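See below for the structure under consideration.
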Amino acid sequence: MRVEELTAKALEISGVDRYVLALAVAKRADEILNGSPSKLNIDPKSIKATDLALMELAEGLVLIKGFEKK
């Protein structure tokens, strides 16, 4: 899936704006780089951490806490 499609899906699922989504992707990517296991069956070494984080958010496997849905 293309990044634009993943972003649109993640925005729809999370109900936050794109800036909050960017912060969530950055935080999850940092967690992945620091050894947190992937919630998808993808080797974190075979894909960029930011792409993996966006995929997890788009699938609803990672929730964005602290923000209300629009």
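All residue names refer to the structure tokens as shown: chains lettered A, B, ... in order, residues numbered from 1 in each chain, ligands numbered from 1 in order.
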Query raised in the report: If you run DSSP on the backbone, which residues of range 6-66 of chain A are alpha helix (DSSP H), as an MDAnalysis selection string?
Result: chainID A and resid 6:14 18:33 49:58
Excluding same-chain residues fewer than 2 positions from range 35-49 of chain A, what lies within 12 Å of it counting only C-alpha atoms, as a PDB file with C-alpha atoms, in the first residue's frame?
```pdb
ATOM      1  CA  VAL A  25       4.351   7.716  13.997  1.00  0.00           C
ATOM      2  CA  ALA A  26       7.578   9.300  15.242  1.00  0.00           C
ATOM      3  CA  LYS A  27       7.061   7.982  18.760  1.00  0.00           C
ATOM      4  CA  ARG A  28       6.202   4.453  17.583  1.00  0.00           C
ATOM      5  CA  ALA A  29       9.147   4.453  15.151  1.00  0.00           C
ATOM      6  CA  ASP A  30      11.439   5.413  18.038  1.00  0.00           C
ATOM      7  CA  GLU A  31      10.037   2.529  20.098  1.00  0.00           C
ATOM      8  CA  ILE A  32      10.667   0.113  17.214  1.00  0.00           C
ATOM      9  CA  LEU A  33      14.236   1.374  16.784  1.00  0.00           C
ATOM     10  CA  ASP A  51       6.791   2.892   7.488  1.00  0.00           C
ATOM     11  CA  LEU A  52       6.256   0.043   9.926  1.00  0.00           C
ATOM     12  CA  ALA A  53       4.855   2.432  12.553  1.00  0.00           C
ATOM     13  CA  LEU A  54       2.457   3.937  10.003  1.00  0.00           C
ATOM     14  CA  MET A  55       1.314   0.453   8.946  1.00  0.00           C
ATOM     15  CA  GLU A  56       0.619  -0.493  12.574  1.00  0.00           C
ATOM     16  CA  LEU A  57      -1.396   2.696  13.109  1.00  0.00           C
ATOM     17  CA  ALA A  58      -3.319   2.182   9.854  1.00  0.00           C
ATOM     18  CA  GLU A  59      -4.255  -1.348  10.931  1.00  0.00           C
ATOM     19  CA  GLY A  60      -5.408  -0.121  14.333  1.00  0.00           C
ATOM     20  CA  LEU A  61      -2.818  -2.188  16.187  1.00  0.00           C
ATOM     21  CA  VAL A  62      -1.390   0.866  17.947  1.00  0.00           C
ATOM     22  CA  LEU A  63      -3.669   3.405  19.585  1.00  0.00           C
TER      23      LEU A  63
END
```
Query raised in the report: Which is closest to Gly66 in chain A among A:Ala10, A:Asn34, A:Thr50, A:Val16, if we use only C-alpha atoms?
Result: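 Between A:Ala10, A:Asn34, A:Thr50, A:Val16, the residue approaching Gly66 in chain A most closely is A:Val16.
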Requested in this report: Measure the distance from CA of Arg18 in chain A to CA of Leu6 in chain A in Å and round it to one decimal.
Outcome: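 A separation of 12.0 Å between them.
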Report task. Can you work out the spacing between CA of Ser14 in chain A and CA of Ile64 in chain A in Å, to one decimal? Result ->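 CA of Ser14 in chain A sits 6.9 Å away from CA of Ile64 in chain A.
The space separating CA of Glu5 in chain A from CA of Asp17 in chain A comes to 15.1 Å.
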